[in-house]
$ cat entry_2.csv   # CSV, C-alpha atoms
chain,number,residue,atom,x,y,z
D,869,MET,CA,113.5,178.9,-184.7
D,870,LYS,CA,115.7,180.0,-187.6
D,871,ILE,CA,116.9,183.5,-187.3
D,872,LEU,CA,118.7,185.8,-189.8
D,873,TYR,CA,120.8,188.4,-187.9
D,874,LEU,CA,122.1,191.4,-189.9
D,875,CYS,CA,124.9,193.6,-188.6
D,876,GLN,CA,127.4,196.1,-190.0
D,877,ARG,CA,130.6,194.3,-189.0
D,878,ILE,CA,131.5,190.7,-188.4
D,879,PRO,CA,130.9,190.5,-184.6
D,880,PHE,CA,134.2,188.8,-183.8
D,881,PRO,CA,136.3,189.5,-181.8
D,882,PRO,CA,133.9,191.4,-179.5
D,883,ASP,CA,136.4,194.3,-179.0
D,884,ARG,CA,134.5,197.4,-180.1
D,885,GLY,CA,131.2,199.0,-179.3
D,886,ASP,CA,129.1,197.7,-182.2
D,887,ARG,CA,130.6,194.2,-182.1
D,888,ILE,CA,130.2,193.6,-178.3
D,889,PRO,CA,126.3,193.5,-178.1
D,890,VAL,CA,125.9,191.7,-181.4
D,891,TYR,CA,128.4,189.0,-180.3
D,892,HIS,CA,126.6,188.4,-177.0
D,893,GLN,CA,123.1,188.4,-178.6
D,894,ILE,CA,124.2,185.9,-181.2
D,895,GLN,CA,125.8,183.7,-178.5
D,896,ARG,CA,122.5,183.8,-176.6
D,897,LEU,CA,120.4,183.0,-179.7
D,898,ARG,CA,122.5,180.1,-181.0
D,899,LYS,CA,121.9,178.1,-177.8
D,900,THR,CA,118.3,177.4,-178.7
D,901,HIS,CA,117.9,178.6,-182.3
D,902,GLU,CA,119.6,178.2,-185.7
D,903,VAL,CA,121.3,181.5,-186.6
D,904,VAL,CA,122.5,182.9,-189.9
D,905,VAL,CA,124.6,186.0,-189.6
D,906,GLY,CA,124.7,188.5,-192.5
D,907,SER,CA,127.5,191.0,-192.3
D,908,LEU,CA,130.4,192.7,-194.2
D,909,ALA,CA,134.1,191.7,-194.3
D,910,HIS,CA,135.8,195.0,-194.0
D,911,THR,CA,139.5,195.1,-194.9
D,912,GLY,CA,141.5,192.7,-192.7
D,913,THR,CA,138.4,191.0,-191.1
D,914,ARG,CA,137.9,188.0,-193.5
D,915,LYS,CA,139.3,185.6,-190.9
D,916,ASN,CA,137.0,186.9,-188.3
D,917,ALA,CA,134.0,185.3,-190.1
D,918,GLU,CA,135.7,182.0,-190.1
D,919,MET,CA,136.6,182.3,-186.4
D,920,LEU,CA,133.0,183.2,-185.5
D,921,GLU,CA,131.7,180.2,-187.5
D,922,GLU,CA,134.2,177.9,-185.8
D,923,GLU,CA,133.6,179.2,-182.3
D,924,SER,CA,129.8,179.6,-182.4
D,925,GLY,CA,128.6,177.2,-185.0
D,926,VAL,CA,126.6,179.8,-186.8
D,927,LYS,CA,126.5,180.3,-190.6
D,928,VAL,CA,128.1,183.6,-191.6
D,929,LEU,CA,127.4,185.5,-194.9
D,930,ALA,CA,130.2,188.1,-195.1
D,931,PRO,CA,131.3,189.2,-198.6
D,932,ASP,CA,134.4,191.5,-198.9
D,933,HIS,CA,133.6,195.1,-198.4
D,934,PRO,CA,136.8,197.0,-199.4
D,935,ARG,CA,137.4,200.7,-199.0
D,936,TRP,CA,136.7,201.5,-202.7
D,937,ARG,CA,133.2,199.9,-202.3
D,938,GLN,CA,132.5,201.9,-199.2
D,939,LEU,CA,133.5,205.2,-201.0
D,940,SER,CA,131.6,204.5,-204.2
D,941,GLY,CA,128.5,203.5,-202.3
D,942,THR,CA,128.7,206.7,-200.2
D,943,LEU,CA,129.1,208.8,-203.3
D,944,LEU,CA,126.1,207.1,-205.1
D,945,ALA,CA,124.0,207.6,-202.0
D,946,PHE,CA,124.9,211.3,-202.0
D,947,LEU,CA,123.9,211.7,-205.6
D,948,ARG,CA,120.6,209.9,-205.0
D,949,GLY,CA,119.8,212.0,-202.0
D,950,ARG,CA,119.9,209.0,-199.6
D,951,PRO,CA,121.7,208.7,-196.2
D,952,LEU,CA,125.4,208.3,-196.7
D,953,SER,CA,125.4,205.6,-194.0
D,954,LEU,CA,123.3,203.4,-196.3
D,955,GLY,CA,125.7,203.8,-199.2
D,956,TYR,CA,128.7,203.1,-197.0
D,957,PHE,CA,127.2,199.8,-195.9
D,958,ARG,CA,125.7,198.9,-199.3
D,959,ASN,CA,127.0,195.7,-200.8
D,960,SER,CA,125.3,194.0,-203.7
D,961,ALA,CA,127.0,190.6,-203.0
D,962,LEU,CA,125.5,190.6,-199.5
D,963,GLN,CA,122.1,191.6,-200.9
D,964,SER,CA,122.3,188.6,-203.2
D,965,LEU,CA,123.3,186.2,-200.4
D,966,VAL,CA,120.5,187.5,-198.2
D,967,ASP,CA,117.9,187.2,-201.0
D,968,VAL,CA,119.0,183.6,-201.6
D,969,GLU,CA,118.7,182.7,-197.9
D,970,LEU,CA,115.3,184.2,-197.5
D,971,THR,CA,114.0,182.6,-200.8
D,972,GLU,CA,115.4,179.1,-200.3
D,973,SER,CA,114.9,178.7,-196.5
D,974,ARG,CA,112.0,179.4,-194.1
D,975,PHE,CA,113.1,181.9,-191.4
D,976,ASP,CA,111.1,182.6,-188.3
D,977,ALA,CA,112.5,186.1,-187.6
D,978,VAL,CA,115.0,188.7,-188.9
D,979,ILE,CA,116.9,190.8,-186.4
D,980,VAL,CA,118.7,193.9,-187.8
D,981,PHE,CA,121.3,195.8,-185.8
D,982,SER,CA,121.7,199.4,-186.9
D,983,SER,CA,119.4,201.2,-189.3
D,984,SER,CA,122.0,201.1,-192.1
D,985,MET,CA,121.5,197.3,-192.4
D,986,ALA,CA,117.7,197.5,-192.7
D,987,GLN,CA,118.1,198.2,-196.5
D,988,TYR,CA,118.8,194.4,-197.0
D,989,VAL,CA,115.3,193.4,-195.9
D,990,GLU,CA,113.2,196.6,-196.0
D,991,ASN,CA,111.2,195.3,-198.9
D,992,ARG,CA,110.7,191.8,-197.5
D,993,ARG,CA,107.4,190.8,-196.1
D,994,GLY,CA,106.2,187.6,-194.5
D,995,VAL,CA,109.0,187.2,-191.9
D,996,PRO,CA,108.7,189.0,-188.5
D,997,GLN,CA,111.4,191.7,-188.3
D,998,ILE,CA,113.1,193.3,-185.3
D,999,MET,CA,114.9,196.6,-185.8
D,1000,HIS,CA,117.5,197.2,-183.1
D,1001,PHE,CA,118.4,200.8,-183.7
D,1002,CYS,CA,120.7,200.7,-180.7
D,1003,ASP,CA,120.3,204.5,-180.6
D,1004,VAL,CA,118.7,207.2,-182.7
D,1005,ASP,CA,121.7,207.5,-184.9
D,1006,SER,CA,120.5,210.5,-186.8
D,1007,LEU,CA,120.9,212.6,-183.6
D,1008,LYS,CA,124.6,211.7,-183.4
D,1009,TRP,CA,125.1,213.4,-186.8
D,1010,GLU,CA,123.3,216.5,-185.6
D,1011,SER,CA,125.5,216.6,-182.5
D,1012,LEU,CA,128.6,216.3,-184.7
D,1013,ALA,CA,127.3,219.1,-186.9
D,1014,ARG,CA,127.1,221.5,-184.0
D,1015,THR,CA,130.8,221.1,-183.2
D,1016,SER,CA,132.1,221.0,-186.8
D,1017,TYR,CA,133.0,223.5,-189.5
D,1018,TRP,CA,131.9,223.8,-193.1
D,1019,PRO,CA,131.8,221.6,-195.2
D,1020,MET,CA,131.5,218.8,-192.6
D,1021,ARG,CA,128.8,220.7,-190.7
D,1022,TRP,CA,126.7,220.7,-193.9
D,1023,ILE,CA,127.4,217.0,-194.6
D,1024,TYR,CA,126.6,216.0,-191.0
D,1025,ARG,CA,123.3,218.0,-191.1
D,1026,ARG,CA,122.4,216.4,-194.4
D,1027,GLU,CA,123.1,213.0,-192.9
D,1028,SER,CA,121.0,213.7,-189.8
D,1029,ARG,CA,118.0,214.9,-191.8
D,1030,THR,CA,118.0,212.1,-194.4
D,1031,LEU,CA,118.8,209.3,-191.9
D,1032,LEU,CA,116.0,210.4,-189.5
D,1033,ALA,CA,113.5,210.2,-192.4
D,1034,TYR,CA,114.8,206.7,-193.1
D,1035,GLU,CA,114.7,205.7,-189.4
D,1036,ARG,CA,111.0,206.8,-189.3
D,1037,LYS,CA,110.2,204.7,-192.4
D,1038,ILE,CA,111.9,201.6,-191.0
D,1039,ALA,CA,110.3,201.9,-187.6
D,1040,ALA,CA,106.9,202.2,-189.2
D,1041,THR,CA,107.3,199.0,-191.3
D,1042,PHE,CA,109.2,196.7,-189.0
D,1043,ASP,CA,107.3,194.6,-186.5
D,1044,ALA,CA,109.3,195.8,-183.5
D,1045,SER,CA,111.8,198.6,-182.7
D,1046,CYS,CA,114.2,198.7,-179.8
D,1047,VAL,CA,117.0,200.9,-178.4
D,1048,VAL,CA,119.6,200.4,-175.8
D,1049,SER,CA,118.6,202.6,-172.9
D,1050,ARG,CA,115.7,204.4,-171.3
D,1051,ASN,CA,117.3,207.7,-172.3
D,1052,GLU,CA,117.4,206.6,-176.0
D,1053,ALA,CA,113.8,205.4,-175.7
D,1054,GLU,CA,112.7,208.9,-174.7
D,1055,LEU,CA,114.5,210.4,-177.6
D,1056,PHE,CA,113.0,207.8,-179.9
D,1057,ARG,CA,109.5,208.7,-178.8
D,1058,GLN,CA,110.3,212.4,-179.4
D,1059,TYR,CA,111.8,212.1,-182.9
D,1060,ILE,CA,110.0,209.0,-184.1
D,1061,PRO,CA,106.5,209.4,-182.5
D,1062,GLY,CA,103.7,206.9,-182.7
D,1063,ILE,CA,105.9,203.8,-182.7
D,1064,ILE,CA,106.2,201.5,-179.7
D,1065,VAL,CA,109.8,201.1,-178.7
D,1066,ASP,CA,111.4,198.3,-176.5
D,1067,ILE,CA,114.6,198.6,-174.5
D,1068,LEU,CA,117.3,196.0,-175.0
D,1069,GLU,CA,120.2,197.0,-172.8
D,1070,ASN,CA,123.8,196.1,-173.1
D,1071,GLY,CA,125.5,194.0,-170.5
D,1072,VAL,CA,129.0,193.4,-169.4
D,1073,ASP,CA,131.1,190.3,-168.5
D,1074,ALA,CA,131.9,191.2,-164.9
D,1075,ASN,CA,133.9,188.1,-164.3
D,1076,TYR,CA,136.2,188.8,-167.3
D,1077,PHE,CA,136.9,192.4,-166.4
D,1078,SER,CA,137.4,191.8,-162.7
D,1079,THR,CA,140.0,189.1,-163.2
D,1080,LEU,CA,143.1,191.3,-162.7
D,1081,SER,CA,143.6,192.9,-159.3
D,1082,ARG,CA,144.1,196.6,-159.3
D,1083,LYS,CA,147.6,197.9,-158.7
D,1084,ILE,CA,147.6,201.7,-159.1
D,1085,ASP,CA,151.0,203.0,-160.0
D,1086,GLY,CA,151.2,206.8,-159.5
D,1087,ILE,CA,148.5,209.0,-161.2
D,1088,ASN,CA,147.4,207.3,-164.3
D,1089,ILE,CA,144.3,208.5,-166.2
D,1090,VAL,CA,143.0,206.2,-169.0
D,1091,PHE,CA,140.6,206.4,-171.9
D,1092,VAL,CA,139.6,203.2,-173.7
D,1093,GLY,CA,137.8,203.1,-177.1
D,1094,VAL,CA,138.2,202.7,-180.8
D,1095,MET,CA,140.2,205.7,-181.7
D,1096,ASP,CA,139.1,206.3,-185.3
D,1097,TYR,CA,135.6,206.8,-184.1
D,1098,PRO,CA,135.1,210.6,-184.3
D,1099,PRO,CA,133.4,211.2,-180.9
D,1100,ASN,CA,136.2,209.2,-179.2
D,1101,ALA,CA,138.9,211.1,-181.0
D,1102,GLU,CA,137.3,214.4,-180.3
D,1103,ALA,CA,137.0,213.5,-176.6
D,1104,VAL,CA,140.7,212.7,-176.1
D,1105,VAL,CA,141.8,215.7,-178.2
D,1106,PHE,CA,139.6,218.0,-176.0
D,1107,PHE,CA,141.0,216.5,-172.8
D,1108,SER,CA,144.7,216.5,-173.9
D,1109,ARG,CA,144.7,219.9,-175.5
D,1110,HIS,CA,142.7,221.8,-172.9
D,1111,VAL,CA,142.4,219.9,-169.6
D,1112,TRP,CA,145.7,217.9,-169.3
D,1113,SER,CA,147.9,220.8,-168.6
D,1114,ALA,CA,145.9,221.7,-165.4
D,1115,ILE,CA,146.4,218.1,-164.2
D,1116,ARG,CA,150.1,218.1,-164.9
D,1117,GLU,CA,150.6,221.5,-163.2
D,1118,VAL,CA,149.5,219.8,-159.9
D,1119,TYR,CA,150.9,216.3,-160.6
D,1120,PRO,CA,153.9,216.7,-162.9
D,1121,ASP,CA,154.4,212.9,-163.1
D,1122,ALA,CA,150.8,212.1,-164.0
D,1123,ARG,CA,150.2,210.0,-167.1
D,1124,PHE,CA,147.3,209.8,-169.5
D,1125,THR,CA,147.0,206.6,-171.6
D,1126,ILE,CA,144.8,206.5,-174.7
D,1127,VAL,CA,144.1,202.9,-175.4
D,1128,GLY,CA,142.4,201.8,-178.6
D,1129,ALA,CA,142.8,200.6,-182.1
D,1130,ARG,CA,143.3,202.7,-185.3
D,1131,PRO,CA,144.1,206.1,-183.7
D,1132,ALA,CA,143.3,209.0,-186.0
D,1133,LYS,CA,146.0,211.4,-186.9
D,1134,SER,CA,144.6,213.9,-184.5
D,1135,VAL,CA,145.0,211.3,-181.7
D,1136,LEU,CA,148.5,210.1,-182.8
D,1137,GLY,CA,149.7,213.7,-182.5
D,1138,LEU,CA,148.8,213.8,-178.8
D,1139,ALA,CA,151.7,211.5,-178.0
D,1140,SER,CA,154.0,214.5,-178.3
D,1141,ILE,CA,152.4,216.0,-175.2
D,1142,PRO,CA,154.4,215.2,-172.0
D,1143,GLY,CA,152.8,212.5,-170.0
D,1144,ILE,CA,150.5,211.2,-172.8
D,1145,GLU,CA,150.8,207.7,-174.4
D,1146,VAL,CA,148.8,206.5,-177.4
D,1147,THR,CA,149.0,202.7,-177.4
D,1148,GLY,CA,147.1,201.8,-180.6
D,1149,TYR,CA,145.6,198.3,-180.7
D,1150,VAL,CA,146.1,196.2,-177.6
D,1151,PRO,CA,144.9,192.6,-177.4
D,1152,ASP,CA,143.6,193.1,-173.8
D,1153,VAL,CA,142.6,196.3,-172.2
D,1154,ARG,CA,142.4,194.9,-168.7
D,1155,PRO,CA,146.1,195.5,-167.7
D,1156,TYR,CA,145.5,199.2,-168.5
D,1157,LEU,CA,142.4,199.4,-166.4
D,1158,ALA,CA,144.1,197.6,-163.6
D,1159,VAL,CA,146.7,200.4,-163.1
D,1160,ALA,CA,144.3,203.3,-163.7
D,1161,THR,CA,143.5,205.9,-161.1
D,1162,VAL,CA,140.5,207.1,-163.0
D,1163,SER,CA,138.9,206.1,-166.4
D,1164,ILE,CA,137.5,209.2,-168.2
D,1165,ALA,CA,134.9,209.6,-170.9
D,1166,PRO,CA,134.6,213.3,-171.7
D,1167,LEU,CA,132.5,212.8,-174.9
D,1168,GLY,CA,130.8,215.7,-176.5
D,1169,THR,CA,128.7,213.4,-178.6
D,1170,ALA,CA,127.4,210.3,-176.9
D,1171,ARG,CA,124.7,208.0,-178.2
D,1172,GLY,CA,123.4,204.8,-176.6
D,1173,VAL,CA,125.3,203.1,-173.8
D,1174,GLN,CA,129.1,203.5,-173.6
D,1175,ASN,CA,130.5,200.0,-173.2
D,1176,LYS,CA,133.8,201.5,-172.1
D,1177,ILE,CA,132.1,202.8,-168.9
D,1178,LEU,CA,130.4,199.5,-168.0
D,1179,GLU,CA,133.7,197.7,-168.5
D,1180,ALA,CA,135.7,200.1,-166.3
D,1181,MET,CA,133.0,199.9,-163.6
D,1182,ALA,CA,133.2,196.1,-163.8
D,1183,ALA,CA,137.0,196.3,-163.4
D,1184,GLY,CA,136.6,198.4,-160.3
D,1185,VAL,CA,138.0,201.6,-161.9
D,1186,PRO,CA,136.4,204.9,-160.9
D,1187,VAL,CA,134.8,206.6,-163.9
D,1188,LEU,CA,134.5,210.3,-164.6
D,1189,THR,CA,132.2,211.3,-167.5
D,1190,THR,CA,129.7,214.0,-168.4
D,1191,PRO,CA,126.1,214.2,-167.3
D,1192,ASP,CA,124.8,213.5,-170.8
D,1193,VAL,CA,126.8,210.3,-171.1
D,1194,ALA,CA,125.9,209.1,-167.7
D,1195,LYS,CA,122.2,209.5,-168.6
D,1196,GLY,CA,122.6,206.6,-171.1
D,1197,LEU,CA,123.7,204.1,-168.4
D,1198,PRO,CA,121.4,201.4,-167.1
D,1199,ASP,CA,119.0,202.4,-164.3
D,1200,GLY,CA,120.9,202.8,-161.1
D,1201,ALA,CA,124.4,203.0,-162.7
D,1202,GLU,CA,124.4,206.8,-163.1
D,1203,ALA,CA,124.8,207.4,-159.4
D,1204,LEU,CA,127.9,205.2,-159.4
D,1205,VAL,CA,130.0,207.2,-161.8
D,1206,PHE,CA,131.4,210.7,-161.2
D,1207,THR,CA,130.3,213.5,-163.6
D,1208,ALA,CA,131.5,216.9,-164.6
D,1209,GLU,CA,130.3,219.3,-167.2
D,1210,ARG,CA,132.4,219.3,-170.3
D,1211,SER,CA,134.2,222.5,-169.8
D,1212,VAL,CA,137.9,222.9,-169.1
D,1213,GLU,CA,137.5,224.2,-165.6
D,1214,ALA,CA,134.7,221.8,-164.5
D,1215,PHE,CA,136.4,218.7,-165.8
D,1216,ALA,CA,139.8,219.6,-164.5
D,1217,HIS,CA,138.5,220.6,-161.1
D,1218,THR,CA,136.5,217.4,-160.6
D,1219,LEU,CA,139.3,215.2,-161.8
D,1220,LEU,CA,141.8,216.8,-159.4
D,1221,ASP,CA,139.3,216.3,-156.6
D,1222,LEU,CA,139.0,212.6,-157.4
D,1223,ILE,CA,142.8,212.2,-157.6
D,1224,GLU,CA,143.1,213.8,-154.2
D,1225,ASN,CA,140.3,211.9,-152.5
D,1226,ASP,CA,141.1,208.3,-153.0
D,1227,ALA,CA,138.8,207.0,-150.3
D,1228,VAL,CA,135.7,208.6,-151.9
D,1229,ARG,CA,136.9,207.5,-155.3
D,1230,GLU,CA,137.5,203.9,-154.4
D,1231,LYS,CA,134.4,203.5,-152.3
D,1232,ARG,CA,132.2,204.4,-155.3
D,1233,ALA,CA,134.3,202.0,-157.5
D,1234,VAL,CA,133.6,199.1,-155.2
D,1235,ASP,CA,129.9,199.9,-155.1
D,1236,ALA,CA,130.0,200.0,-158.9
D,1237,VAL,CA,131.5,196.5,-159.2
D,1238,GLU,CA,128.8,195.1,-157.0
D,1239,PHE,CA,126.1,196.9,-159.0
D,1240,ILE,CA,127.4,195.5,-162.3
D,1241,ARG,CA,127.6,192.0,-160.9
D,1242,ARG,CA,124.0,192.1,-159.6
D,1243,ASN,CA,122.3,193.9,-162.4
D,1244,CYS,CA,124.3,194.0,-165.7
D,1245,GLY,CA,125.4,190.5,-166.7
D,1246,TRP,CA,124.6,189.5,-170.2
D,1247,ASP,CA,122.4,186.7,-169.1
D,1248,ILE,CA,120.2,189.2,-167.2
D,1249,LYS,CA,120.1,191.8,-169.9
D,1250,LEU,CA,119.3,189.4,-172.8
D,1251,ARG,CA,116.2,188.0,-171.2
D,1252,ALA,CA,114.5,191.0,-172.8
D,1253,LEU,CA,115.6,189.7,-176.2
D,1254,ASP,CA,114.0,186.3,-175.6
D,1255,THR,CA,110.8,188.0,-174.6
D,1256,LEU,CA,110.8,190.3,-177.6
D,1257,LEU,CA,111.6,187.5,-180.1
D,1258,GLY,CA,108.8,185.3,-178.7
D,1259,ARG,CA,106.3,188.2,-178.9
D,1260,ILE,CA,106.9,189.2,-182.5
D,1261,VAL,CA,107.1,185.6,-183.8
D,1262,LYS,CA,103.8,184.8,-182.0
D,1263,SER,CA,102.1,187.8,-183.4
D,1264,GLY,CA,103.5,187.1,-186.9
D,1265,CYS,CA,102.1,183.6,-187.0

$ encode --input "entry_2.csv" --output "structure tokens"
Amino acid sequence: MKILYLCQRIPFPPDRGDRIPVYHQIQRLRKTHEVVVGSLAHTGTRKNAEMLEEESGVKVLAPDHPRWRQLSGTLLAFLRGRPLSLGYFRNSALQSLVDVELTESRFDAVIVFSSSMAQYVENRRGVPQIMHFCDVDSLKWESLARTSYWPMRWIYRRESRTLLAYERKIAATFDASCVVSRNEAELFRQYIPGIIVDILENGVDANYFSTLSRKIDGINIVFVGVMDYPPNAEAVVFFSRHVWSAIREVYPDARFTIVGARPAKSVLGLASIPGIEVTGYVPDVRPYLAVATVSIAPLGTARGVQNKILEAMAAGVPVLTTPDVAKGLPDGAEALVFTAERSVEAFAHTLLDLIENDAVREKRAVDAVEFIRRNCGWDIKLRALDTLLGRIVKSGC
């Protein structure tokens, strides 16, 4: 089959939450199908398209998408009453390239990752289409609105409202819709009723993340994630400003390492707090996981599956997160992470308990590694993609 795969960012290298599942899905598909990838070359990522083509043998359509285009598209979407996300990822050059491909070649299926990319094929008919929402993105904006102040609260609420309307429209017109977890499927049915939804879970490369032996050095808490993503930035600010002092009061030599590219200003400022390091981009997160006592994910806004948690589990690192985040993990994984409510007292108390009880902490981490190996490899998880693709192509014939 010939497949057009549309995604927001060039899925190479697979080093952030939206690139990781797309990269592995494309690797799966290219083994038995011809794949054309349509994406956007954000500033500094032009070479990524060339590397993906060279490594994977897929054709990549990725026109430049500079900052000025993102901002102008967002403004135009605002003036037209459309979701800002659509404007941010709107690119007339990519639209032209996609139109040419679909006109001059016969495609058997189109897969779209993230609702903001559906705009490139929403008016196309005759080719079976899969919409991989990943999560109900509109709910993320509503969550951000609840923790923000004017004018961002108003902007986030507007985005949530307009994007939900668009998500409902796309779900009704595409041949199949899927999300990344059972929890997201329940939310999808609640907010986008009447549409059948499939579950296409994320996996993790357990062999890669378990390569380095753990060598814990003192008390070292770690957070891993792209640090210009607002929910990640808010999570580390919350922990650093409100919880960290309680940990240092008991363990004065404890360290908190924030690992991830493009730290926002609010994150960079945390490096002035005693015991906290902000690394910025690192080529390999495994050395930081290998020395971590606990990996934390105190997110106030969490959609989909947090790859950072699956990767820490695969590396044998105990994970402390919130109950809401844990609900998004694959079936069976929730019981293998530690959880605490996202309050200063609860999170600090639970983290201190984990630091003091290394036997309990490490036993659960060992169980988590075994669970990931048995249940969460990409080969296992992506069998659902094969089934879904075969189903919609057969029904579209």

$ closest_residue --input "entry_2.csv" --among "D:Leu1080, D:Ile998, D:Leu1167, D:Ile1141" --to "D:Leu1068" --atoms "only C-alpha atoms"
D:Ile998

$ atom_distance --input "entry_2.csv" --atom1 "atom CA of D:Thr1125" --atom2 "atom CA of D:His892"
27.9 Å

$ atom_distance --input "entry_2.csv" --atom1 "atom CA of D:Ser953" --atom2 "atom CA of D:Ser1028"
10.1 Å

$ atom_distance --input "entry_2.csv" --atom1 "atom CA of D:Glu902" --atom2 "atom CA of D:Asn1075"
27.6 Å

$ closest_atom_pairs --input "entry_2.csv" --of "stretch 1096-1200 of chain D" --to "stretch 1243-1259 of chain D" --cutoff "12 Å" --atoms "only C-alpha atoms" --output "JSON lines"
{"residue": "D:Asn1175", "atom": "CA", "partner": "D:Cys1244", "partner_atom": "CA", "distance": 11.4}
{"residue": "D:Leu1178", "atom": "CA", "partner": "D:Cys1244", "partner_atom": "CA", "distance": 8.5}
{"residue": "D:Glu1179", "atom": "CA", "partner": "D:Cys1244", "partner_atom": "CA", "distance": 10.5}
{"residue": "D:Met1181", "atom": "CA", "partner": "D:Cys1244", "partner_atom": "CA", "distance": 10.7}
{"residue": "D:Ala1182", "atom": "CA", "partner": "D:Cys1244", "partner_atom": "CA", "distance": 9.3}
{"residue": "D:Leu1197", "atom": "CA", "partner": "D:Cys1244", "partner_atom": "CA", "distance": 10.5}
{"residue": "D:Pro1198", "atom": "CA", "partner": "D:Cys1244", "partner_atom": "CA", "distance": 8.1}
{"residue": "D:Asp1199", "atom": "CA", "partner": "D:Asn1243", "partner_atom": "CA", "distance": 9.3}
{"residue": "D:Gly1200", "atom": "CA", "partner": "D:Asn1243", "partner_atom": "CA", "distance": 9.1}

$ residues_around --input "entry_2.csv" --residues "D:Val1205" --least-positions-apart "3" --cutoff "9 Å" --atoms "all atoms listed in the file" --output "list in words"
Ile1177, Met1181, Pro1186, Val1187, Leu1188, Thr1189, Ala1194, Ala1201, Glu1202, Arg1232, Ala1233 and Ala1236 of chain D

$ closest_residue --input "entry_2.csv" --among "D:Tyr1076, D:Phe1239, D:Phe1001, D:Tyr1024" --to "D:Glu1052" --atoms "all atoms listed in the file"
D:Phe1001

$ closest_residue --input "entry_2.csv" --among "D:Thr913, D:Asp976, D:Tyr1119, D:Ala1132" --to "D:Glu1224" --atoms "only C-alpha atoms"
D:Tyr1119

$ closest_residue --input "entry_2.csv" --among "D:Met1095, D:Ala945, D:Ala1158, D:Leu1220" --to "D:Leu1136" --atoms "only C-alpha atoms"
D:Met1095

$ residues_around --input "entry_2.csv" --residues "D:Thr1041" --least-positions-apart "4" --cutoff "9 Å" --atoms "only C-alpha atoms" --output "list in words"
Glu990, Gln997, Arg1036 and Lys1037 of chain D

$ residues_around --input "entry_2.csv" --residues "D:Arg884" --least-positions-apart "5" --cutoff "10 Å" --atoms "only C-alpha atoms" --output "ChimeraX atom specification"
/D:879,889,1093-1094,1128-1129,1175-1176

$ closest_residue --input "entry_2.csv" --among "D:Met919, D:Leu962, D:Leu1012, D:Cys1046" --to "D:Tyr1097" --atoms "all atoms listed in the file"
D:Leu1012

$ closest_residue --input "entry_2.csv" --among "D:Arg1057, D:Arg1026, D:Arg1242, D:Lys870" --to "D:Ile979" --atoms "all atoms listed in the file"
D:Lys870

$ residues_near_point --input "entry_2.csv" --point "(132.7, 182.3, -180.5)" --cutoff "10 Å" --atoms "all atoms listed in the file" --output "mmCIF file with C-alpha atoms, in the coordinates of the input"
data_model
loop_
_atom_site.group_PDB
_atom_site.id
_atom_site.type_symbol
_atom_site.label_atom_id
_atom_site.label_comp_id
_atom_site.auth_asym_id
_atom_site.auth_seq_id
_atom_site.Cartn_x
_atom_site.Cartn_y
_atom_site.Cartn_z
ATOM 1 C CA PRO D 879 130.900 190.500 -184.600
ATOM 2 C CA PHE D 880 134.200 188.800 -183.800
ATOM 3 C CA PRO D 881 136.300 189.500 -181.800
ATOM 4 C CA PRO D 882 133.900 191.400 -179.500
ATOM 5 C CA TYR D 891 128.400 189.000 -180.300
ATOM 6 C CA HIS D 892 126.600 188.400 -177.000
ATOM 7 C CA ILE D 894 124.200 185.900 -181.200
ATOM 8 C CA GLN D 895 125.800 183.700 -178.500
ATOM 9 C CA MET D 919 136.600 182.300 -186.400
ATOM 10 C CA LEU D 920 133.000 183.200 -185.500
ATOM 11 C CA GLU D 921 131.700 180.200 -187.500
ATOM 12 C CA GLU D 922 134.200 177.900 -185.800
ATOM 13 C CA GLU D 923 133.600 179.200 -182.300
ATOM 14 C CA SER D 924 129.800 179.600 -182.400
ATOM 15 C CA GLY D 925 128.600 177.200 -185.000
ATOM 16 C CA VAL D 926 126.600 179.800 -186.800
#

$ residues_near_point --input "entry_2.csv" --point "(121.9, 215.5, -168.7)" --cutoff "12 Å" --atoms "only C-alpha atoms" --output "list in words"
Asn1051, Gly1168, Ala1170, Thr1189, Thr1190, Pro1191, Asp1192, Val1193, Ala1194, Lys1195, Gly1196, Leu1197, Glu1202, Thr1207, Ala1208, Glu1209 and Arg1210 of chain D

$ decode --input "entry_2.csv" --residues "stretch 1146-1150 of chain D" --atoms "N, CA, C and O atoms" --output "PDB file, in the first residue's frame"
ATOM      1  N   VAL D1146      19.494  22.750  35.834  1.00  0.00           N
ATOM      2  CA  VAL D1146      18.725  22.758  34.593  1.00  0.00           C
ATOM      3  C   VAL D1146      19.703  22.476  33.460  1.00  0.00           C
ATOM      4  O   VAL D1146      20.564  23.298  33.159  1.00  0.00           O
ATOM      5  N   THR D1147      19.596  21.314  32.836  1.00  0.00           N
ATOM      6  CA  THR D1147      20.622  20.905  31.865  1.00  0.00           C
ATOM      7  C   THR D1147      20.434  21.510  30.490  1.00  0.00           C
ATOM      8  O   THR D1147      21.398  21.661  29.748  1.00  0.00           O
ATOM      9  N   GLY D1148      19.192  21.843  30.103  1.00  0.00           N
ATOM     10  CA  GLY D1148      18.940  22.141  28.706  1.00  0.00           C
ATOM     11  C   GLY D1148      19.019  20.851  27.902  1.00  0.00           C
ATOM     12  O   GLY D1148      18.910  19.750  28.442  1.00  0.00           O
ATOM     13  N   TYR D1149      19.229  20.996  26.578  1.00  0.00           N
ATOM     14  CA  TYR D1149      19.269  19.824  25.701  1.00  0.00           C
ATOM     15  C   TYR D1149      20.422  18.894  26.066  1.00  0.00           C
ATOM     16  O   TYR D1149      21.544  19.343  26.328  1.00  0.00           O
ATOM     17  N   VAL D1150      20.138  17.603  26.097  1.00  0.00           N
ATOM     18  CA  VAL D1150      21.178  16.586  26.255  1.00  0.00           C
ATOM     19  C   VAL D1150      20.978  15.553  25.155  1.00  0.00           C
ATOM     20  O   VAL D1150      19.841  15.236  24.783  1.00  0.00           O
TER      21      VAL D1150
END
